[in-house]
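Chemist: The structure follows.
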Amino acid sequence: MPLQTTGAGTLRAVDHLCVASVALTYVICVIWAFVDGNTQAWGLVIVPGLGFVLLSWVRARINAPRPYELAAVNPLLDSSTHGKSFPSRHVGSGALIGSSLVYIHPLLGIGVLLITLVLAIVRVTGRVHFVRDVVAGYVAGVAFGFLGMFLFTLVIS
């Protein structure tokens with residue numbers, strides 16, 4: 001098997017593993033928070049939900065082209081989307097979830113934030129985002145997640 005094909009397969013596997021890990025951790029933590037009667041459980045739903053909608057809206061308005069649209073390169077990850085590169089919604093969502101989880105379970109939240117950093121590297125290496133896209137997604141996700149959960153905590157206390 002050619003090296004490029006093997007590398008692309010590994011990148012796709014890591015991409016899928018990161019996304020699945022974040023999603024599974026999030027779902028389990030939301031369910032656990034509700035079952036446990038945690039007062040911040042609704043914050044885990046509302047804050048990332050609002051952040052995702054806002055991130056999607058900004059991304060659609062900016063509609064920045066992707067690396068494979070501007071250069072003669074093939075993406076190494078599965079992507080046929082045109083535009084909507086900035087900010088990265090995968091990375092922004094992971095950062096939103098991780099920073100929100102920090103309020104309920106700090107260790108899991110930090111773990112999700114670290115997995116999201118790996119995802120950011122994979123998305124750039126896989127030629128579906130520029131560095132600016134993943135940095136903006138990460139910073140926006142962390143800022144909105146922390147601020148949103150802080151405000152949610154103030155409102156419910």
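Letters for chains follow the order of the structure tokens (A, B, ...), residue numbers begin at 1 for each chain, and ligand numbers begin at 1 in the order shown.
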Do a neighbour search on range 109-121 of chain A at 7 Å with only C-alpha atoms, toss out local chain neighbours closer than 5 positions, and write the hits as a VMD selection string.
Modeler: chain A and resid 15 18 22 91 94 to 95 98 to 99 101 to 102 134
Chemist: For N, CA and C atoms, I'd like the residues from the last selection saved as an mmCIF file, in the first residue's frame.
Modeler:
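See selection_31.cif below for the written result:
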```
data_model
loop_
_atom_site.group_PDB
_atom_site.id
_atom_site.type_symbol
_atom_site.label_atom_id
_atom_site.label_comp_id
_atom_site.auth_asym_id
_atom_site.auth_seq_id
_atom_site.Cartn_x
_atom_site.Cartn_y
_atom_site.Cartn_z
ATOM 1 N N ASP A 15 -9.297 10.868 13.139
ATOM 2 C CA ASP A 15 -10.375 11.853 13.042
ATOM 3 C C ASP A 15 -11.680 11.264 13.591
ATOM 4 N N CYS A 18 -11.464 10.581 17.419
ATOM 5 C CA CYS A 18 -11.586 11.817 18.214
ATOM 6 C C CYS A 18 -13.034 12.288 18.271
ATOM 7 N N VAL A 22 -15.355 12.311 21.759
ATOM 8 C CA VAL A 22 -15.962 13.533 22.284
ATOM 9 C C VAL A 22 -17.476 13.363 22.375
ATOM 10 N N VAL A 91 -13.780 21.298 15.496
ATOM 11 C CA VAL A 91 -12.928 21.732 16.601
ATOM 12 C C VAL A 91 -13.708 22.643 17.551
ATOM 13 N N GLY A 94 -15.970 20.480 19.750
ATOM 14 C CA GLY A 94 -15.201 19.770 20.775
ATOM 15 C C GLY A 94 -14.768 20.697 21.899
ATOM 16 N N ALA A 95 -14.339 21.899 21.534
ATOM 17 C CA ALA A 95 -13.914 22.874 22.546
ATOM 18 C C ALA A 95 -15.099 23.353 23.381
ATOM 19 N N GLY A 98 -15.882 20.359 25.724
ATOM 20 C CA GLY A 98 -14.845 20.214 26.748
ATOM 21 C C GLY A 98 -14.881 21.305 27.796
ATOM 22 N N SER A 99 -14.994 22.542 27.367
ATOM 23 C CA SER A 99 -15.005 23.645 28.329
ATOM 24 C C SER A 99 -16.280 23.637 29.165
ATOM 25 N N LEU A 101 -17.905 20.819 30.013
ATOM 26 C CA LEU A 101 -17.755 19.687 30.927
ATOM 27 C C LEU A 101 -16.844 19.997 32.108
ATOM 28 N N VAL A 102 -15.920 20.923 31.921
ATOM 29 C CA VAL A 102 -15.009 21.293 33.005
ATOM 30 C C VAL A 102 -15.788 21.701 34.255
ATOM 31 N N VAL A 134 -8.891 26.124 12.649
ATOM 32 C CA VAL A 134 -8.963 25.320 13.868
ATOM 33 C C VAL A 134 -8.644 26.159 15.105
#
```
Chemist: Would you kindly return, as a ChimeraX atom specification, each protein, DNA or RNA residue with an atom no farther than 12 Å from any atom of His16 in chain A, considering only C-alpha atoms and excluding same-chain residues fewer than 2 positions away?
Modeler: /A:9-14,18-24,77-78,90,115-116,118-119,122-123
Chemist: How many Å lie between CA of Ala33 in chain A and CA of Trp57 in chain A, rounded to one decimal?
Modeler: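 A separation of 28.4 Å between them.
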Chemist: Between A:Ile156, A:Val139, A:Cys29, A:Ala8, which residue has the minimum interatomic distance to Gly92 in chain A, considering only C-alpha atoms?
Modeler: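 The answer is A:Val139, which sits nearest to Gly92 in chain A.
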Chemist: Between CA of Ala60 in chain A and CA of Phe146 in chain A, what is the spacing in Å?
Modeler: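 Separation between CA of Phe146 in chain A and CA of Ala60 in chain A: 23.6 Å.
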Chemist: Pick from A:Tyr103, A:Phe150, A:Phe144, A:Tyr138: nearest to Ala41 in chain A, with only C-alpha atoms counted?
Modeler: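 Checking each of A:Tyr103, A:Phe150, A:Phe144, A:Tyr138 against Ala41 in chain A, counting only C-alpha atoms, the winner is A:Tyr103.
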Chemist: Figure out the distance between CA of Ser56 in chain A and CA of Trp32 in chain A, please, to one decimal in Å.
Modeler: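 A separation of 27.3 Å between them.
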Chemist: Tell me, as a VMD selection string, which residues lie within 12 Å of Ala71 in chain A, counting only C-alpha atoms; anything in the same chain fewer than 3 positions away does not count.
Modeler: chain A and resid 65 to 68 74 to 75 127 to 128 130
Chemist: I'd like to know which of A:Gly49, A:Gly7, A:Gly43, A:Pro106 is closest to Leu76 in chain A, using only C-alpha atoms.
Modeler: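 Looking only at the distances to Leu76 in chain A, the closest residue turns out to be A:Gly7.
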Chemist: Let's see if you can do this: from backbone DSSP, list all helix (DSSP H, G or I) residues in range 84-147 of chain A, as a PDB file with N, CA, C and O atoms, in the first residue's frame.
Modeler:
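Writing done, so here's selection-v1.pdb:
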```
ATOM      1  N   ARG A  89     -15.953  23.782  12.609  1.00  0.00           N
ATOM      2  CA  ARG A  89     -17.072  23.396  13.459  1.00  0.00           C
ATOM      3  C   ARG A  89     -16.752  22.129  14.262  1.00  0.00           C
ATOM      4  O   ARG A  89     -17.198  21.982  15.396  1.00  0.00           O
ATOM      5  N   HIS A  90     -15.965  21.222  13.702  1.00  0.00           N
ATOM      6  CA  HIS A  90     -15.565  20.035  14.463  1.00  0.00           C
ATOM      7  C   HIS A  90     -14.779  20.454  15.715  1.00  0.00           C
ATOM      8  O   HIS A  90     -15.073  20.017  16.826  1.00  0.00           O
ATOM      9  N   VAL A  91     -13.780  21.298  15.496  1.00  0.00           N
ATOM     10  CA  VAL A  91     -12.928  21.732  16.601  1.00  0.00           C
ATOM     11  C   VAL A  91     -13.708  22.643  17.551  1.00  0.00           C
ATOM     12  O   VAL A  91     -13.598  22.512  18.772  1.00  0.00           O
ATOM     13  N   GLY A  92     -14.505  23.553  17.010  1.00  0.00           N
ATOM     14  CA  GLY A  92     -15.308  24.431  17.855  1.00  0.00           C
ATOM     15  C   GLY A  92     -16.262  23.657  18.738  1.00  0.00           C
ATOM     16  O   GLY A  92     -16.423  23.961  19.926  1.00  0.00           O
ATOM     17  N   SER A  93     -16.893  22.634  18.189  1.00  0.00           N
ATOM     18  CA  SER A  93     -17.831  21.810  18.965  1.00  0.00           C
ATOM     19  C   SER A  93     -17.118  21.056  20.071  1.00  0.00           C
ATOM     20  O   SER A  93     -17.601  20.994  21.212  1.00  0.00           O
ATOM     21  N   GLY A  94     -15.970  20.480  19.750  1.00  0.00           N
ATOM     22  CA  GLY A  94     -15.201  19.770  20.775  1.00  0.00           C
ATOM     23  C   GLY A  94     -14.768  20.697  21.899  1.00  0.00           C
ATOM     24  O   GLY A  94     -14.845  20.345  23.081  1.00  0.00           O
ATOM     25  N   ALA A  95     -14.339  21.899  21.534  1.00  0.00           N
ATOM     26  CA  ALA A  95     -13.914  22.874  22.546  1.00  0.00           C
ATOM     27  C   ALA A  95     -15.099  23.353  23.381  1.00  0.00           C
ATOM     28  O   ALA A  95     -14.974  23.546  24.595  1.00  0.00           O
ATOM     29  N   LEU A  96     -16.251  23.536  22.754  1.00  0.00           N
ATOM     30  CA  LEU A  96     -17.472  23.895  23.489  1.00  0.00           C
ATOM     31  C   LEU A  96     -17.828  22.818  24.505  1.00  0.00           C
ATOM     32  O   LEU A  96     -18.120  23.106  25.676  1.00  0.00           O
ATOM     33  N   ILE A  97     -17.823  21.586  24.068  1.00  0.00           N
ATOM     34  CA  ILE A  97     -18.178  20.468  24.937  1.00  0.00           C
ATOM     35  C   ILE A  97     -17.161  20.331  26.069  1.00  0.00           C
ATOM     36  O   ILE A  97     -17.524  20.222  27.248  1.00  0.00           O
ATOM     37  N   GLY A  98     -15.882  20.359  25.724  1.00  0.00           N
ATOM     38  CA  GLY A  98     -14.845  20.214  26.748  1.00  0.00           C
ATOM     39  C   GLY A  98     -14.881  21.305  27.796  1.00  0.00           C
ATOM     40  O   GLY A  98     -14.833  21.024  29.000  1.00  0.00           O
ATOM     41  N   SER A  99     -14.994  22.542  27.367  1.00  0.00           N
ATOM     42  CA  SER A  99     -15.005  23.645  28.329  1.00  0.00           C
ATOM     43  C   SER A  99     -16.280  23.637  29.165  1.00  0.00           C
ATOM     44  O   SER A  99     -16.270  24.026  30.332  1.00  0.00           O
ATOM     45  N   SER A 100     -17.384  23.176  28.612  1.00  0.00           N
ATOM     46  CA  SER A 100     -18.622  23.053  29.384  1.00  0.00           C
ATOM     47  C   SER A 100     -18.518  21.924  30.411  1.00  0.00           C
ATOM     48  O   SER A 100     -18.978  22.063  31.544  1.00  0.00           O
ATOM     49  N   LEU A 101     -17.905  20.819  30.013  1.00  0.00           N
ATOM     50  CA  LEU A 101     -17.755  19.687  30.927  1.00  0.00           C
ATOM     51  C   LEU A 101     -16.844  19.997  32.108  1.00  0.00           C
ATOM     52  O   LEU A 101     -16.992  19.401  33.180  1.00  0.00           O
ATOM     53  N   PRO A 106     -14.140  18.251  35.888  1.00  0.00           N
ATOM     54  CA  PRO A 106     -12.929  18.890  35.347  1.00  0.00           C
ATOM     55  C   PRO A 106     -11.998  17.957  34.573  1.00  0.00           C
ATOM     56  O   PRO A 106     -11.524  18.316  33.498  1.00  0.00           O
ATOM     57  N   LEU A 107     -11.765  16.764  35.094  1.00  0.00           N
ATOM     58  CA  LEU A 107     -10.826  15.854  34.432  1.00  0.00           C
ATOM     59  C   LEU A 107     -11.330  15.419  33.059  1.00  0.00           C
ATOM     60  O   LEU A 107     -10.573  15.422  32.082  1.00  0.00           O
ATOM     61  N   LEU A 108     -12.620  15.074  32.955  1.00  0.00           N
ATOM     62  CA  LEU A 108     -13.182  14.703  31.654  1.00  0.00           C
ATOM     63  C   LEU A 108     -13.195  15.898  30.700  1.00  0.00           C
ATOM     64  O   LEU A 108     -12.931  15.757  29.505  1.00  0.00           O
ATOM     65  N   GLY A 109     -13.503  17.078  31.221  1.00  0.00           N
ATOM     66  CA  GLY A 109     -13.499  18.287  30.392  1.00  0.00           C
ATOM     67  C   GLY A 109     -12.122  18.562  29.805  1.00  0.00           C
ATOM     68  O   GLY A 109     -11.981  18.833  28.609  1.00  0.00           O
ATOM     69  N   ILE A 110     -11.101  18.459  30.644  1.00  0.00           N
ATOM     70  CA  ILE A 110      -9.727  18.665  30.161  1.00  0.00           C
ATOM     71  C   ILE A 110      -9.352  17.577  29.154  1.00  0.00           C
ATOM     72  O   ILE A 110      -8.716  17.863  28.134  1.00  0.00           O
ATOM     73  N   GLY A 111      -9.777  16.356  29.416  1.00  0.00           N
ATOM     74  CA  GLY A 111      -9.524  15.266  28.465  1.00  0.00           C
ATOM     75  C   GLY A 111     -10.137  15.547  27.103  1.00  0.00           C
ATOM     76  O   GLY A 111      -9.502  15.351  26.066  1.00  0.00           O
ATOM     77  N   VAL A 112     -11.382  16.033  27.095  1.00  0.00           N
ATOM     78  CA  VAL A 112     -12.052  16.371  25.829  1.00  0.00           C
ATOM     79  C   VAL A 112     -11.324  17.527  25.141  1.00  0.00           C
ATOM     80  O   VAL A 112     -11.155  17.518  23.917  1.00  0.00           O
ATOM     81  N   LEU A 113     -10.871  18.501  25.908  1.00  0.00           N
ATOM     82  CA  LEU A 113     -10.121  19.620  25.309  1.00  0.00           C
ATOM     83  C   LEU A 113      -8.815  19.134  24.684  1.00  0.00           C
ATOM     84  O   LEU A 113      -8.424  19.617  23.609  1.00  0.00           O
ATOM     85  N   LEU A 114      -8.158  18.166  25.305  1.00  0.00           N
ATOM     86  CA  LEU A 114      -6.923  17.603  24.737  1.00  0.00           C
ATOM     87  C   LEU A 114      -7.214  16.792  23.479  1.00  0.00           C
ATOM     88  O   LEU A 114      -6.472  16.885  22.486  1.00  0.00           O
ATOM     89  N   ILE A 115      -8.275  15.999  23.509  1.00  0.00           N
ATOM     90  CA  ILE A 115      -8.672  15.245  22.316  1.00  0.00           C
ATOM     91  C   ILE A 115      -8.993  16.218  21.178  1.00  0.00           C
ATOM     92  O   ILE A 115      -8.663  15.963  20.012  1.00  0.00           O
ATOM     93  N   THR A 116      -9.601  17.326  21.510  1.00  0.00           N
ATOM     94  CA  THR A 116      -9.945  18.332  20.501  1.00  0.00           C
ATOM     95  C   THR A 116      -8.702  18.965  19.899  1.00  0.00           C
ATOM     96  O   THR A 116      -8.689  19.297  18.710  1.00  0.00           O
ATOM     97  N   LEU A 117      -7.641  19.112  20.687  1.00  0.00           N
ATOM     98  CA  LEU A 117      -6.368  19.601  20.127  1.00  0.00           C
ATOM     99  C   LEU A 117      -5.820  18.603  19.104  1.00  0.00           C
ATOM    100  O   LEU A 117      -5.321  19.003  18.047  1.00  0.00           O
ATOM    101  N   VAL A 118      -5.906  17.321  19.405  1.00  0.00           N
ATOM    102  CA  VAL A 118      -5.482  16.287  18.445  1.00  0.00           C
ATOM    103  C   VAL A 118      -6.339  16.389  17.185  1.00  0.00           C
ATOM    104  O   VAL A 118      -5.821  16.350  16.060  1.00  0.00           O
ATOM    105  N   LEU A 119      -7.642  16.559  17.370  1.00  0.00           N
ATOM    106  CA  LEU A 119      -8.548  16.702  16.224  1.00  0.00           C
ATOM    107  C   LEU A 119      -8.165  17.904  15.371  1.00  0.00           C
ATOM    108  O   LEU A 119      -8.187  17.821  14.135  1.00  0.00           O
ATOM    109  N   ALA A 120      -7.786  18.996  16.006  1.00  0.00           N
ATOM    110  CA  ALA A 120      -7.382  20.202  15.267  1.00  0.00           C
ATOM    111  C   ALA A 120      -6.166  19.916  14.386  1.00  0.00           C
ATOM    112  O   ALA A 120      -6.127  20.300  13.210  1.00  0.00           O
ATOM    113  N   ILE A 121      -5.206  19.208  14.933  1.00  0.00           N
ATOM    114  CA  ILE A 121      -4.000  18.852  14.169  1.00  0.00           C
ATOM    115  C   ILE A 121      -4.377  17.949  12.993  1.00  0.00           C
ATOM    116  O   ILE A 121      -3.899  18.135  11.866  1.00  0.00           O
ATOM    117  N   VAL A 122      -5.241  16.988  13.237  1.00  0.00           N
ATOM    118  CA  VAL A 122      -5.670  16.057  12.187  1.00  0.00           C
ATOM    119  C   VAL A 122      -6.421  16.799  11.082  1.00  0.00           C
ATOM    120  O   VAL A 122      -6.223  16.517   9.890  1.00  0.00           O
ATOM    121  N   ARG A 123      -7.284  17.747  11.437  1.00  0.00           N
ATOM    122  CA  ARG A 123      -8.069  18.483  10.436  1.00  0.00           C
ATOM    123  C   ARG A 123      -7.162  19.332   9.535  1.00  0.00           C
ATOM    124  O   ARG A 123      -7.430  19.472   8.343  1.00  0.00           O
ATOM    125  N   VAL A 124      -6.082  19.873  10.086  1.00  0.00           N
ATOM    126  CA  VAL A 124      -5.137  20.644   9.274  1.00  0.00           C
ATOM    127  C   VAL A 124      -4.274  19.705   8.435  1.00  0.00           C
ATOM    128  O   VAL A 124      -4.110  19.911   7.230  1.00  0.00           O
ATOM    129  N   THR A 125      -3.750  18.664   9.063  1.00  0.00           N
ATOM    130  CA  THR A 125      -2.919  17.694   8.350  1.00  0.00           C
ATOM    131  C   THR A 125      -3.709  17.005   7.242  1.00  0.00           C
ATOM    132  O   THR A 125      -3.162  16.693   6.184  1.00  0.00           O
ATOM    133  N   VAL A 131      -4.792  26.348   9.504  1.00  0.00           N
ATOM    134  CA  VAL A 131      -4.490  26.521  10.928  1.00  0.00           C
ATOM    135  C   VAL A 131      -5.421  27.575  11.528  1.00  0.00           C
ATOM    136  O   VAL A 131      -5.952  27.391  12.625  1.00  0.00           O
ATOM    137  N   ARG A 132      -5.655  28.661  10.824  1.00  0.00           N
ATOM    138  CA  ARG A 132      -6.516  29.738  11.349  1.00  0.00           C
ATOM    139  C   ARG A 132      -7.927  29.221  11.647  1.00  0.00           C
ATOM    140  O   ARG A 132      -8.573  29.667  12.581  1.00  0.00           O
ATOM    141  N   ASP A 133      -8.416  28.281  10.855  1.00  0.00           N
ATOM    142  CA  ASP A 133      -9.763  27.728  11.044  1.00  0.00           C
ATOM    143  C   ASP A 133      -9.883  26.977  12.364  1.00  0.00           C
ATOM    144  O   ASP A 133     -10.851  27.156  13.105  1.00  0.00           O
ATOM    145  N   VAL A 134      -8.891  26.124  12.649  1.00  0.00           N
ATOM    146  CA  VAL A 134      -8.963  25.320  13.868  1.00  0.00           C
ATOM    147  C   VAL A 134      -8.644  26.159  15.105  1.00  0.00           C
ATOM    148  O   VAL A 134      -9.238  25.952  16.158  1.00  0.00           O
ATOM    149  N   VAL A 135      -7.738  27.114  14.969  1.00  0.00           N
ATOM    150  CA  VAL A 135      -7.434  28.002  16.103  1.00  0.00           C
ATOM    151  C   VAL A 135      -8.670  28.826  16.450  1.00  0.00           C
ATOM    152  O   VAL A 135      -9.054  28.938  17.622  1.00  0.00           O
ATOM    153  N   ALA A 136      -9.309  29.390  15.446  1.00  0.00           N
ATOM    154  CA  ALA A 136     -10.517  30.190  15.685  1.00  0.00           C
ATOM    155  C   ALA A 136     -11.629  29.331  16.284  1.00  0.00           C
ATOM    156  O   ALA A 136     -12.327  29.758  17.216  1.00  0.00           O
ATOM    157  N   GLY A 137     -11.816  28.122  15.780  1.00  0.00           N
ATOM    158  CA  GLY A 137     -12.831  27.226  16.320  1.00  0.00           C
ATOM    159  C   GLY A 137     -12.547  26.868  17.767  1.00  0.00           C
ATOM    160  O   GLY A 137     -13.444  26.891  18.609  1.00  0.00           O
ATOM    161  N   TYR A 138     -11.295  26.569  18.070  1.00  0.00           N
ATOM    162  CA  TYR A 138     -10.913  26.189  19.434  1.00  0.00           C
ATOM    163  C   TYR A 138     -11.103  27.355  20.403  1.00  0.00           C
ATOM    164  O   TYR A 138     -11.728  27.203  21.458  1.00  0.00           O
ATOM    165  N   VAL A 139     -10.578  28.507  20.037  1.00  0.00           N
ATOM    166  CA  VAL A 139     -10.671  29.682  20.911  1.00  0.00           C
ATOM    167  C   VAL A 139     -12.137  30.083  21.116  1.00  0.00           C
ATOM    168  O   VAL A 139     -12.567  30.348  22.241  1.00  0.00           O
ATOM    169  N   ALA A 140     -12.902  30.114  20.039  1.00  0.00           N
ATOM    170  CA  ALA A 140     -14.318  30.479  20.146  1.00  0.00           C
ATOM    171  C   ALA A 140     -15.073  29.469  20.999  1.00  0.00           C
ATOM    172  O   ALA A 140     -15.885  29.844  21.859  1.00  0.00           O
ATOM    173  N   GLY A 141     -14.816  28.183  20.795  1.00  0.00           N
ATOM    174  CA  GLY A 141     -15.492  27.145  21.568  1.00  0.00           C
ATOM    175  C   GLY A 141     -15.167  27.217  23.049  1.00  0.00           C
ATOM    176  O   GLY A 141     -16.061  27.148  23.895  1.00  0.00           O
ATOM    177  N   VAL A 142     -13.890  27.372  23.368  1.00  0.00           N
ATOM    178  CA  VAL A 142     -13.481  27.463  24.767  1.00  0.00           C
ATOM    179  C   VAL A 142     -14.068  28.719  25.413  1.00  0.00           C
ATOM    180  O   VAL A 142     -14.623  28.670  26.510  1.00  0.00           O
ATOM    181  N   ALA A 143     -13.963  29.850  24.731  1.00  0.00           N
ATOM    182  CA  ALA A 143     -14.471  31.110  25.292  1.00  0.00           C
ATOM    183  C   ALA A 143     -15.983  31.045  25.523  1.00  0.00           C
ATOM    184  O   ALA A 143     -16.473  31.399  26.600  1.00  0.00           O
ATOM    185  N   PHE A 144     -16.727  30.579  24.525  1.00  0.00           N
ATOM    186  CA  PHE A 144     -18.183  30.504  24.652  1.00  0.00           C
ATOM    187  C   PHE A 144     -18.582  29.478  25.709  1.00  0.00           C
ATOM    188  O   PHE A 144     -19.500  29.708  26.500  1.00  0.00           O
ATOM    189  N   GLY A 145     -17.888  28.351  25.738  1.00  0.00           N
ATOM    190  CA  GLY A 145     -18.206  27.300  26.714  1.00  0.00           C
ATOM    191  C   GLY A 145     -17.973  27.753  28.142  1.00  0.00           C
ATOM    192  O   GLY A 145     -18.844  27.604  29.003  1.00  0.00           O
ATOM    193  N   PHE A 146     -16.803  28.318  28.409  1.00  0.00           N
ATOM    194  CA  PHE A 146     -16.509  28.781  29.768  1.00  0.00           C
ATOM    195  C   PHE A 146     -17.416  29.939  30.176  1.00  0.00           C
ATOM    196  O   PHE A 146     -17.995  29.932  31.255  1.00  0.00           O
ATOM    197  N   LEU A 147     -17.557  30.921  29.300  1.00  0.00           N
ATOM    198  CA  LEU A 147     -18.406  32.071  29.611  1.00  0.00           C
ATOM    199  C   LEU A 147     -19.865  31.642  29.770  1.00  0.00           C
ATOM    200  O   LEU A 147     -20.551  32.059  30.712  1.00  0.00           O
TER     201      LEU A 147
END
```
